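Colleague: File structure_14.txt below, compact mmCIF, C-alpha atoms:
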```txt
# COMPACT_ATOMS: atom_id res chain seq x y z
CA MET A 9 8.58 -28.25 52.80
CA SER A 10 6.69 -25.67 54.78
CA ARG A 11 7.72 -22.07 55.20
CA VAL A 12 8.54 -20.67 58.60
CA SER A 13 6.03 -18.23 60.01
CA THR A 14 6.81 -14.52 59.77
CA SER A 15 8.89 -13.30 62.67
CA PRO A 16 8.12 -10.05 64.59
CA VAL A 17 11.32 -8.49 63.17
CA SER A 18 10.23 -9.36 59.68
CA LYS A 19 6.78 -7.96 60.37
CA SER A 20 8.36 -4.76 61.62
CA LEU A 21 10.45 -4.53 58.52
CA TYR A 22 7.37 -5.04 56.37
CA PHE A 23 5.56 -2.35 58.31
CA PHE A 24 8.49 0.03 57.99
CA CYS A 25 8.80 -0.61 54.21
CA ILE A 26 5.07 -0.12 53.66
CA VAL A 27 5.15 3.14 55.58
CA LEU A 28 8.21 4.21 53.58
CA SER A 29 6.44 3.30 50.32
CA LEU A 30 3.39 5.30 51.29
CA PHE A 31 5.61 8.22 52.23
CA LEU A 32 7.34 8.06 48.87
CA LEU A 33 3.94 7.85 47.21
CA TYR A 34 2.74 10.93 49.10
CA VAL A 35 5.89 12.87 48.23
CA ASP A 36 5.71 11.89 44.59
CA ILE A 37 2.04 12.74 44.13
CA ASN A 38 2.20 16.06 46.00
CA TYR A 39 5.67 17.37 45.14
CA LYS A 40 6.62 15.47 41.97
CA SER A 41 9.96 14.78 43.57
CA PHE A 42 10.82 11.81 41.37
CA GLU A 43 9.97 13.30 38.01
CA ARG A 44 13.65 13.69 37.17
CA THR A 45 14.30 9.99 37.82
CA LYS A 46 11.31 8.99 35.72
CA ASN A 47 12.32 11.30 32.88
CA LEU A 48 15.85 9.95 33.01
CA TYR A 49 14.52 6.42 32.68
CA LYS A 50 12.19 7.45 29.84
CA SER A 51 14.96 9.15 27.90
CA PHE A 52 17.18 6.13 28.47
CA THR A 53 14.53 3.71 27.12
CA ILE A 54 13.76 5.95 24.13
CA SER A 55 17.46 6.32 23.30
CA SER A 56 18.03 2.59 23.74
CA ALA A 57 15.08 1.71 21.54
CA TYR A 58 16.28 4.17 18.91
CA LEU A 59 19.83 2.83 18.98
CA LEU A 60 18.63 -0.77 18.95
CA LYS A 61 16.38 -0.08 15.99
CA ARG A 62 19.15 1.71 14.18
CA VAL A 63 21.57 -1.17 14.68
CA THR A 64 19.19 -4.06 14.01
CA VAL A 65 16.18 -3.06 11.92
CA ASP A 66 17.35 0.00 9.98
CA PRO A 67 20.06 -1.78 7.92
CA PHE A 68 17.43 -4.20 6.58
CA ILE A 69 15.00 -1.37 5.88
CA TYR A 70 17.79 0.53 4.13
CA ILE A 71 18.59 -2.44 1.90
CA PHE A 72 14.91 -2.95 1.16
CA GLU A 73 14.46 0.75 0.36
CA ILE A 74 17.46 0.74 -1.98
CA SER A 75 16.14 -2.27 -3.91
CA LYS A 76 12.67 -0.71 -4.01
CA GLU A 77 14.11 2.61 -5.15
CA LYS A 78 16.05 0.88 -7.91
CA SER A 79 13.01 -0.91 -9.26
CA GLY A 80 11.06 2.33 -8.89
CA LEU A 81 13.66 4.16 -10.98
CA ILE A 82 13.49 1.49 -13.66
CA GLU A 83 9.71 1.85 -13.77
CA GLU A 84 10.00 5.61 -13.92
CA ASN A 85 12.53 5.34 -16.70
CA LYS A 86 10.15 3.16 -18.70
CA LYS A 87 7.31 5.59 -18.11
CA LEU A 88 9.43 8.56 -19.13
CA ARG A 89 10.53 6.78 -22.27
CA GLN A 90 6.90 6.13 -23.18
CA GLU A 91 6.06 9.77 -22.51
CA LEU A 92 8.96 10.86 -24.69
CA GLU A 93 7.87 8.63 -27.52
CA LYS A 94 4.34 9.93 -27.17
CA SER A 95 5.63 13.48 -27.29
CA TYR A 96 7.29 12.74 -30.64
CA ILE A 97 3.85 12.22 -32.13
CA SER A 98 2.39 15.22 -30.29
CA ASN A 99 5.17 17.48 -31.49
CA PHE A 100 4.64 16.25 -34.98
CA ILE A 101 0.97 17.17 -34.93
CA ILE A 102 1.64 20.56 -33.33
CA SER A 103 4.51 21.49 -35.62
CA ARG A 104 2.98 20.29 -38.84
CA ASP A 105 -0.68 20.98 -38.32
CA SER A 106 -0.73 23.38 -41.27
CA LYS A 107 0.44 20.60 -43.58
CA PHE A 108 -1.13 17.66 -41.91
CA PHE A 109 -4.54 19.25 -41.58
CA ILE A 110 -6.25 21.33 -44.23
CA ASP A 111 -6.23 24.42 -41.98
CA ASP A 112 -4.87 25.46 -38.58
CA THR A 113 -8.15 25.03 -36.72
CA ALA A 114 -8.81 21.56 -38.06
CA ILE A 115 -7.03 19.75 -35.25
CA GLU A 116 -8.89 21.81 -32.64
CA ASN A 117 -12.18 21.15 -34.39
CA PHE A 118 -11.34 17.48 -34.58
CA LEU A 119 -10.58 17.26 -30.87
CA ASP A 120 -13.60 19.37 -29.88
CA LEU A 121 -15.92 17.44 -32.13
CA ASN A 122 -14.98 14.13 -30.59
CA SER A 123 -14.54 15.41 -27.01
CA ILE A 124 -11.20 13.72 -26.79
CA ASN A 125 -8.98 14.85 -23.95
CA LYS A 126 -6.32 12.37 -24.90
CA PRO A 127 -6.44 12.46 -28.68
CA PHE A 128 -4.43 9.35 -29.33
CA TYR A 129 -2.61 6.47 -27.75
CA HIS A 130 0.98 5.76 -28.41
CA ALA A 131 1.80 2.55 -30.23
CA LYS A 132 4.82 0.78 -31.55
CA ILE A 133 5.23 -1.52 -34.52
CA ASN A 134 5.45 -5.07 -33.29
CA SER A 135 5.75 -6.88 -36.57
CA PHE A 136 5.83 -5.69 -40.18
CA ASP A 137 6.45 -8.07 -43.08
CA ILE A 138 8.24 -5.60 -45.37
CA GLU A 139 8.90 -8.20 -48.03
CA LYS A 140 5.18 -8.83 -48.32
CA TYR A 141 4.55 -5.10 -48.30
CA LEU A 142 6.91 -4.50 -51.23
CA CYS A 143 5.89 -7.48 -53.33
CA CYS A 144 2.31 -8.39 -52.61
CA SER A 145 -1.14 -6.89 -52.32
CA GLN A 146 -1.82 -7.62 -48.66
CA HIS A 147 -0.40 -4.80 -46.59
CA ARG A 148 -0.74 -5.31 -42.85
CA VAL A 149 1.19 -4.13 -39.78
CA PHE A 150 0.96 -5.51 -36.28
CA ILE A 151 1.29 -2.94 -33.56
CA GLU A 152 1.38 -2.82 -29.78
CA ILE A 153 -0.79 -0.09 -28.27
CA PHE A 154 0.35 1.37 -24.94
CA ASN A 155 -2.94 1.57 -23.19
CA ASN A 156 -3.97 0.55 -19.69
CA HIS A 157 -7.70 0.86 -20.26
CA ASP A 158 -9.99 -1.63 -21.85
CA ILE A 159 -10.80 0.26 -25.04
CA ASN A 160 -12.06 -1.22 -28.28
CA PHE A 161 -9.69 0.01 -30.96
CA ILE A 162 -11.29 -1.75 -33.92
CA GLY A 163 -11.76 0.82 -36.65
CA SER A 164 -9.40 3.33 -35.05
CA THR A 165 -7.20 5.47 -37.24
CA VAL A 166 -3.46 4.86 -37.10
CA ILE A 167 -1.02 7.65 -37.86
CA ASN A 168 2.72 8.04 -37.92
CA ASP A 169 4.70 11.25 -37.97
CA GLN A 170 3.76 11.86 -41.62
CA GLY A 171 0.03 11.19 -41.64
CA ILE A 172 -2.59 8.47 -41.77
CA ILE A 173 -1.27 5.02 -42.54
CA GLY A 174 -4.35 2.86 -41.98
CA GLN A 175 -6.97 1.54 -39.61
CA ILE A 176 -7.11 -1.19 -36.98
CA ILE A 177 -9.07 -4.29 -37.95
CA TYR A 178 -8.25 -6.54 -34.97
CA ASP A 179 -7.12 -5.14 -31.62
CA LYS A 180 -6.41 -8.12 -29.38
CA PRO A 181 -4.00 -9.30 -28.30
CA ILE A 182 -1.79 -7.47 -30.83
CA ALA A 183 -3.55 -4.89 -32.99
CA GLU A 184 -3.56 -5.54 -36.74
CA VAL A 185 -3.52 -2.48 -38.99
CA LEU A 186 -4.93 -2.51 -42.50
CA LEU A 187 -2.75 -0.10 -44.46
CA LEU A 188 -4.18 2.37 -46.98
CA THR A 189 -2.32 0.56 -49.76
CA ASP A 190 -3.90 -2.86 -49.03
CA VAL A 191 -6.09 -3.90 -51.96
CA GLY A 192 -8.97 -4.53 -49.59
CA HIS A 193 -8.89 -1.02 -48.22
CA VAL A 194 -11.04 1.90 -49.33
CA ILE A 195 -10.85 5.48 -48.10
CA PRO A 196 -13.18 8.30 -49.15
CA ILE A 197 -11.15 11.34 -50.16
CA ILE A 198 -11.90 14.87 -51.26
CA SER A 199 -10.20 17.67 -53.14
CA GLU A 200 -12.19 20.91 -53.26
CA ASN A 201 -15.57 19.59 -54.45
CA HIS A 202 -14.21 16.39 -55.98
CA PHE A 203 -15.18 13.24 -54.03
CA CYS A 204 -13.75 9.79 -54.68
CA ASN A 205 -13.33 6.38 -53.02
CA ALA A 206 -9.64 5.52 -53.19
CA ARG A 207 -8.67 1.84 -53.15
CA GLY A 208 -5.40 0.37 -52.12
CA SER A 209 -3.31 -0.49 -55.13
CA GLY A 210 -1.24 -3.20 -53.55
CA LYS A 211 1.81 -1.12 -54.41
CA PRO A 212 3.78 0.61 -51.66
CA GLY A 213 2.78 4.23 -51.17
CA ILE A 214 0.11 4.33 -53.89
CA ILE A 215 -3.67 4.28 -53.78
CA THR A 216 -5.92 4.45 -56.79
CA CYS A 217 -9.09 6.34 -57.48
CA SER A 218 -11.43 6.18 -60.48
CA TYR A 219 -14.28 8.51 -61.36
CA SER A 220 -16.64 9.38 -64.19
CA LYS A 221 -16.34 12.65 -66.05
CA LEU A 222 -20.10 12.76 -66.22
CA ILE A 223 -20.33 13.10 -62.45
CA TRP A 224 -17.17 15.16 -61.76
CA PRO A 225 -16.52 17.27 -64.84
CA ASN A 226 -13.64 19.26 -63.29
CA PRO A 227 -10.26 17.97 -64.49
CA ILE A 228 -7.68 16.39 -62.18
CA GLU A 229 -4.12 17.72 -62.24
CA ILE A 230 -0.82 16.11 -61.37
CA GLY A 231 0.24 17.16 -57.87
CA GLN A 232 -3.29 17.96 -56.75
CA GLU A 233 -3.73 17.33 -53.03
CA PHE A 234 -6.46 15.03 -51.69
CA PHE A 235 -7.70 14.99 -48.12
CA SER A 236 -9.77 12.56 -46.15
CA SER A 237 -13.46 13.38 -46.39
CA GLY A 238 -14.57 11.61 -43.21
CA MET A 239 -17.53 10.15 -45.12
CA GLY A 240 -16.66 6.57 -44.21
CA GLY A 241 -16.98 7.26 -40.48
CA VAL A 242 -13.56 5.80 -39.81
CA TYR A 243 -11.04 8.52 -40.54
CA PRO A 244 -11.21 12.09 -39.36
CA SER A 245 -11.91 14.54 -42.15
CA ASN A 246 -9.61 17.09 -43.76
CA ILE A 247 -6.36 15.21 -43.31
CA LEU A 248 -3.91 15.25 -46.17
CA ILE A 249 -3.73 11.82 -47.78
CA GLY A 250 -1.58 12.33 -50.85
CA ASN A 251 -0.90 14.02 -54.18
CA VAL A 252 -1.96 12.92 -57.64
CA SER A 253 1.01 11.22 -59.28
CA ASP A 254 -0.45 9.64 -62.42
CA ILE A 255 -3.66 9.99 -64.47
CA ASN A 256 -4.93 7.23 -66.76
CA VAL A 257 -7.83 7.77 -69.12
CA ILE A 258 -9.67 4.45 -69.34
CA ASP A 259 -12.32 5.51 -71.87
CA ASN A 260 -14.21 8.62 -72.84
CA THR A 261 -15.99 8.92 -69.51
CA ASN A 262 -13.93 7.02 -66.92
CA ILE A 263 -10.63 8.27 -65.56
CA GLU A 264 -8.33 6.59 -63.05
CA PHE A 265 -5.57 8.32 -61.16
CA ASP A 266 -2.93 7.34 -58.65
CA LEU A 267 -2.19 9.13 -55.42
CA ASN A 268 1.23 9.19 -53.84
CA LEU A 269 0.62 8.85 -50.11
CA VAL A 270 2.27 11.37 -47.81
CA ALA A 271 2.60 8.83 -45.02
CA ASP A 272 5.10 6.02 -45.40
CA PRO A 273 4.58 3.21 -42.86
CA LEU A 274 8.27 2.38 -43.08
CA GLN A 275 9.23 5.84 -41.87
CA SER A 276 8.85 5.29 -38.11
CA ILE A 277 8.20 2.50 -35.68
CA TYR A 278 6.32 4.84 -33.38
CA LEU A 279 2.69 5.37 -34.19
CA GLY A 280 -0.37 7.08 -32.83
CA VAL A 281 -3.80 5.49 -32.57
CA PHE A 282 -6.89 7.70 -32.39
CA GLU A 283 -9.70 6.43 -30.25
CA GLY A 284 -12.55 5.13 -32.40
CA LEU A 285 -14.89 7.87 -33.59
CA MET B 9 13.63 -17.16 45.18
CA SER B 10 15.24 -20.49 44.50
CA ASN B 11 13.86 -21.04 41.08
CA ILE B 12 13.90 -17.61 39.62
CA ARG B 13 16.80 -15.44 40.32
CA ALA B 14 16.50 -11.71 40.83
CA ILE B 15 17.94 -10.67 37.45
CA LYS B 16 15.75 -13.14 35.65
CA LEU B 17 12.72 -11.82 37.49
CA LEU B 18 13.71 -8.24 36.67
CA MET B 19 13.80 -9.11 32.98
CA ILE B 20 10.52 -10.97 33.17
CA LEU B 21 8.86 -8.03 34.89
CA PHE B 22 10.29 -5.67 32.26
CA VAL B 23 8.84 -7.75 29.40
CA VAL B 24 5.53 -8.31 31.18
CA ASN B 25 5.25 -4.58 31.83
CA ILE B 26 5.61 -3.93 28.08
CA ILE B 27 2.92 -6.52 27.37
CA GLU B 28 0.67 -4.95 29.99
CA ASN B 29 1.19 -1.48 28.55
CA ASN B 30 0.14 -2.75 25.12
CA THR B 31 -2.84 -4.85 26.17
CA ALA B 32 -4.34 -2.49 28.76
CA PRO B 33 -5.66 0.11 26.27
CA ILE B 34 -7.46 -2.66 24.36
CA LEU B 35 -8.88 -4.48 27.38
CA ILE B 36 -10.08 -1.30 29.10
CA LYS B 37 -12.57 -0.85 26.25
CA ALA B 38 -14.28 -3.95 27.63
CA PHE B 39 -13.92 -2.59 31.22
CA ILE B 40 -11.30 -5.21 32.01
CA ASN B 41 -7.99 -4.59 33.74
CA ILE B 42 -5.40 -7.30 34.29
CA PRO B 43 -2.43 -6.21 36.41
CA ILE B 44 -0.08 -8.74 34.83
CA THR B 45 3.10 -7.39 36.43
CA PHE B 46 1.62 -7.55 39.92
CA LEU B 47 0.23 -11.03 39.31
CA ILE B 48 3.52 -12.36 38.03
CA PHE B 49 5.34 -11.06 41.08
CA SER B 50 2.62 -12.47 43.34
CA PHE B 51 2.85 -15.83 41.62
CA VAL B 52 6.63 -15.90 42.04
CA ILE B 53 6.49 -15.23 45.76
CA TYR B 54 3.61 -17.68 46.09
CA LYS B 55 5.62 -20.44 44.41
CA SER B 56 8.79 -19.60 46.33
CA LYS B 57 9.91 -22.12 48.90
CA PHE B 58 11.15 -19.41 51.22
CA ASN B 59 9.69 -16.32 52.77
CA THR B 60 10.23 -13.20 50.73
CA ASN B 61 12.30 -10.47 52.30
CA ALA B 62 10.50 -7.17 52.73
CA LEU B 63 13.37 -5.24 51.11
CA TYR B 64 13.25 -7.56 48.16
CA ALA B 65 9.54 -6.84 47.55
CA PHE B 66 10.11 -3.14 48.22
CA LEU B 67 12.93 -2.85 45.67
CA PHE B 68 11.03 -4.81 43.05
CA GLY B 69 8.03 -2.58 43.66
CA LEU B 70 10.17 0.53 43.16
CA TYR B 71 11.61 -0.98 40.00
CA VAL B 72 8.10 -1.60 38.62
CA ASP B 73 7.11 1.94 39.62
CA VAL B 74 9.95 3.34 37.55
CA ILE B 75 9.42 1.18 34.46
CA SER B 76 5.63 1.51 34.48
CA ASP B 77 5.62 5.27 35.05
CA SER B 78 3.45 4.89 38.17
CA PRO B 79 3.80 7.15 41.20
CA ILE B 80 6.89 6.04 43.10
CA GLY B 81 5.88 3.89 46.05
CA LEU B 82 2.55 2.66 44.68
CA ASN B 83 3.71 -0.72 43.45
CA ALA B 84 6.25 -0.92 46.24
CA ALA B 85 3.48 -0.69 48.84
CA LEU B 86 1.23 -3.12 47.01
CA PHE B 87 4.02 -5.63 46.43
CA LEU B 88 4.92 -5.44 50.11
CA MET B 89 1.31 -6.02 51.17
CA MET B 90 0.99 -8.95 48.83
CA ALA B 91 4.30 -10.43 49.95
CA TYR B 92 3.28 -10.06 53.56
CA VAL B 93 -0.08 -11.77 53.03
CA VAL B 94 1.43 -14.60 50.99
CA ASN B 95 4.19 -15.15 53.54
CA SER B 96 1.78 -15.07 56.45
CA TYR B 97 -0.66 -17.52 54.88
CA SER B 98 1.76 -19.61 52.86
CA ASN B 99 1.07 -22.72 54.87
CA THR B 100 -2.67 -22.08 54.94
CA PHE B 101 -2.73 -21.90 51.15
CA LYS B 102 -1.72 -25.54 51.03
CA LEU B 103 -5.11 -26.43 52.45
CA PHE B 104 -6.90 -24.41 49.81
CA SER B 105 -8.28 -25.80 46.60
CA SER B 106 -7.32 -24.45 43.23
CA ILE B 107 -10.57 -22.52 42.98
CA GLN B 108 -9.93 -20.84 46.32
CA ILE B 109 -6.41 -19.89 45.24
CA CYS B 110 -7.80 -18.49 42.01
CA LEU B 111 -10.36 -16.48 43.94
CA PHE B 112 -7.63 -15.19 46.23
CA PHE B 113 -5.49 -14.03 43.31
CA SER B 114 -8.40 -12.46 41.47
CA GLY B 115 -9.39 -10.70 44.70
CA ALA B 116 -5.81 -9.49 45.10
CA SER B 117 -5.75 -8.23 41.53
CA VAL B 118 -9.01 -6.33 42.08
CA PHE B 119 -7.57 -4.85 45.27
CA TYR B 120 -4.51 -3.78 43.27
CA ILE B 121 -6.71 -2.17 40.58
CA GLY B 122 -8.86 -0.39 43.13
CA PHE B 123 -5.90 0.79 45.20
CA SER B 124 -3.94 2.03 42.18
CA HIS B 125 -7.04 3.76 40.75
CA LEU B 126 -7.43 5.62 44.04
CA PHE B 127 -4.08 7.28 43.45
CA VAL B 128 -3.74 7.37 39.70
CA ASN B 129 -7.26 7.55 38.34
CA LEU B 130 -9.51 8.79 41.14
CA GLU B 131 -11.69 11.01 38.95
CA ASN B 132 -12.62 8.07 36.72
CA PHE B 133 -12.87 5.47 39.45
CA SER B 134 -15.22 2.80 38.19
CA TYR B 135 -16.85 -0.05 40.11
CA LEU B 136 -17.82 -1.55 36.79
CA ILE B 137 -14.15 -2.06 35.94
CA LEU B 138 -13.58 -3.67 39.35
CA PHE B 139 -16.55 -5.98 38.95
CA THR B 140 -15.83 -7.07 35.36
CA SER B 141 -12.14 -7.44 36.15
CA LEU B 142 -12.98 -9.66 39.13
CA ILE B 143 -15.14 -11.97 37.01
CA PHE B 144 -12.78 -12.01 34.06
CA ASN B 145 -9.66 -12.56 36.18
CA THR B 146 -11.34 -15.35 38.16
CA PHE B 147 -12.23 -17.24 35.00
CA LEU B 148 -8.84 -16.52 33.49
CA PHE B 149 -7.02 -17.93 36.52
CA LEU B 150 -9.31 -20.95 36.61
CA ILE B 151 -8.52 -21.66 32.96
CA ILE B 152 -4.80 -21.26 33.63
CA ALA B 153 -5.08 -23.56 36.69
CA MET B 154 -6.93 -26.17 34.64
CA LEU B 155 -4.28 -26.18 31.93
CA ARG B 156 -2.05 -28.46 34.00
CA PHE B 157 -4.77 -31.11 34.04
CA TYR B 158 -5.17 -31.03 30.26
CA PHE B 159 -1.48 -30.45 29.53
CA PRO B 160 0.46 -32.34 32.21
CA PHE B 161 3.83 -31.46 30.70
CA LEU B 162 3.20 -27.86 31.78
CA ALA B 163 2.85 -28.93 35.43
CA SER B 164 6.18 -30.77 35.39
CA ARG B 165 8.05 -27.59 34.53
```
Can you give me the file's structure in the form of structure tokens?

Modeller:
Amino acid sequence: MSRVSTSPVSKSLYFFCIVLSLFLLYVDINYKSFERTKNLYKSFTISSAYLLKRVTVDPFIYIFEISKEKSGLIEENKKLRQELEKSYISNFIISRDSKFFIDDTAIENFLDLNSINKPFYHAKINSFDIEKYLCCSQHRVFIEIFNNHDINFIGSTVINDQGIIGQIIYDKPIAEVLLLTDVGHVIPIISENHFCNARGSGKPGIITCSYSKLIWPNPIEIGQEFFSSGMGGVYPSNILIGNVSDINVIDNTNIEFDLNLVADPLQSIYLGVFEGL
Amino acid sequence: MSNIRAIKLLMILFVVNIIENNTAPILIKAFINIPITFLIFSFVIYKSKFNTNALYAFLFGLYVDVISDSPIGLNAALFLMMAYVVNSYSNTFKLFSSIQICLFFSGASVFYIGFSHLFVNLENFSYLILFTSLIFNTFLFLIIAMLRFYFPFLASR
């Protein structure tokens, strides 16, 4: 179907409308006469878009934010709990440094010497066969170290809130700690100018040391304190290990004595692990 | 306007205007301008079985002026001119080939760009934009025209 040709009236109307449009255009450009109408429309569209978003999108965003916030709070709670547990160990070192270390500056010297900004990592006992610990000679603890970095912890010193309890022998996936009392463990210790390599006795809380009178003529006394010497390259030096509890004279020259350890691995499930020296 | 009623066309122009506002800043980086709103209106009056009333084109032009934040009267005048040309040559267009129709529409779009730039963007008037837009729009319309040959179901709509 074809369209009818444009009539003169229609042409006139077109002409009139075009002239009117151009007039409006001239008025608008020169006098900004329609700014109010345009602004009214703009405010209407902005308000409508805002209301529409508030009614449709915002409820979903709100629900999403709430769920996100909840999971965020749980994460924060976990992090705070870890920080709190870590602070237990820190407070212990700060409050007991005079007992734990041989003198007040020892901890500072230890940290300075090793350039450690974060002196230890927090850890928690994962598994500890207490029955085996009380009856047998193999004394091991499995711990979980809270650490996000890929650090080799083999050989690192493990402490609890009383002192050194052992060293890590395997670190992945769960770290295995060889306790001081394990028969396979040896720690070099010192008291004044008396050096000795103390072996694990296989008994809970006791390590044994033997020496020759010919080498160390000074006598040992019950209650004498022994500290780590740091000679083995594993443990930091000058940390209180234990007190002499029993002295056995083997023969005329050789003497063996027992040390009661100050640190009991059963005392706390929270531990600290020093980065390897 | 037998096929598309006025309200439907108003809504279409509103949506198309939003699309145009979002695509124009991207396309202008390539010196291309596609006046989609104007082309949609032109296409509607071209496909209409009846002559478009001048007031109808005038009011739609004013409506587009308001929603597109153009000077009032700019689109109204251009829509009227386009409606007048399409109405006057509606029967002649039937003798034209698709390529000629495409050339006509791309020419009209370039006229729209040039005319609107004279009022809105005179200081940055660019022949390069007109030239690239002419080429791009011509090829774009040819591709759109060819779609019905490759996708016949589109032509039946």

Colleague: Write out as a tab-separated table the residues of chain B that have any atom within 6 Å of an atom of chain A, one row each with the nearest atom pair and its distance in Å to one decimal, counting only C-alpha atoms, sorted by chain and then rising number.

Modeller:
```
residue	atom	partner	partner_atom	distance
B:Phe58	CA	A:Arg11	CA	5.9
B:Ala62	CA	A:Tyr22	CA	5.3
B:Ile80	CA	A:Leu33	CA	5.4
B:Gly81	CA	A:Ser29	CA	4.3
B:Leu82	CA	A:Leu33	CA	5.9
B:Ala84	CA	A:Ser29	CA	5.9
B:Ala85	CA	A:Ile26	CA	5.1
```

Colleague: Take the residues just selected and output them with C-alpha atoms as a PDB file, in the frame of the given file.

Modeller:
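Okay, again-v8.pdb is ready:
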```pdb
ATOM      1  CA  PHE B  58      11.150 -19.410  51.220  1.00  0.00           C
ATOM      2  CA  ALA B  62      10.500  -7.170  52.730  1.00  0.00           C
ATOM      3  CA  ILE B  80       6.890   6.040  43.100  1.00  0.00           C
ATOM      4  CA  GLY B  81       5.880   3.890  46.050  1.00  0.00           C
ATOM      5  CA  LEU B  82       2.550   2.660  44.680  1.00  0.00           C
ATOM      6  CA  ALA B  84       6.250  -0.920  46.240  1.00  0.00           C
ATOM      7  CA  ALA B  85       3.480  -0.690  48.840  1.00  0.00           C
TER       8      ALA B  85
END
```

Colleague: Record the distance separating CA of Ala183 (chain A) and CA of Val166 (chain A), expressed in Å with one decimal.

Modeller: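 That distance, rounded to one decimal, is 10.6 Å.
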
Colleague: Could you tell me how far CA of Ser218 (chain A) lies from CA of Ala271 (chain A), in Å and to one decimal?

Modeller: 21.0 Å

Colleague: Find the residues around Ile44 (chain B) up to 10 Å (all atoms listed in the file counted), leave out those fewer than 2 positions away in its own chain, and share them as a tab-separated table (two decimals) with C-alpha atoms, keeping the file's coordinate frame.

Modeller:
```tsv
chain	number	residue	atom	x	y	z
B	21	LEU	CA	8.86	-8.03	34.89
B	24	VAL	CA	5.53	-8.31	31.18
B	25	ASN	CA	5.25	-4.58	31.83
B	27	ILE	CA	2.92	-6.52	27.37
B	28	GLU	CA	0.67	-4.95	29.99
B	29	ASN	CA	1.19	-1.48	28.55
B	31	THR	CA	-2.84	-4.85	26.17
B	32	ALA	CA	-4.34	-2.49	28.76
B	41	ASN	CA	-7.99	-4.59	33.74
B	42	ILE	CA	-5.40	-7.30	34.29
B	46	PHE	CA	1.62	-7.55	39.92
B	47	LEU	CA	0.23	-11.03	39.31
B	48	ILE	CA	3.52	-12.36	38.03
B	49	PHE	CA	5.34	-11.06	41.08
B	50	SER	CA	2.62	-12.47	43.34
B	117	SER	CA	-5.75	-8.23	41.53
```

Colleague: Would you mind reading off the distance between CA of Asp137 (chain A) and CA of Phe161 (chain A), one decimal, in Å?

Modeller: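 Straight-line distance from CA of Asp137 (chain A) to CA of Phe161 (chain A) works out to 21.7 Å.
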
Colleague: Excluding same-chain residues fewer than 2 positions from Tyr219 (chain A), what lies within 12 Å of it counting only C-alpha atoms, as a list in words?

Modeller: Ile197, His202, Phe203, Cys204, Asn205, Ala206, Arg207, Thr216, Cys217, Lys221, Leu222, Ile223, Trp224, Pro225, Asn226, Pro227, Ile228, Ile255, Asn256, Val257, Ile258, Asp259, Asn260, Thr261, Asn262, Ile263, Glu264, Phe265 and Asp266 of chain A

Colleague: Could you give me, as a list in words, the residues that have an atom at most 8 Å away from the point (14.5, -4.9, 40.6) in the coordinates of the file, using only C-alpha atoms?

Modeller: Ala14, Ile15, Leu17, Leu18, Leu67, Phe68, Gly69, Leu70, Tyr71 and Val72 of chain B
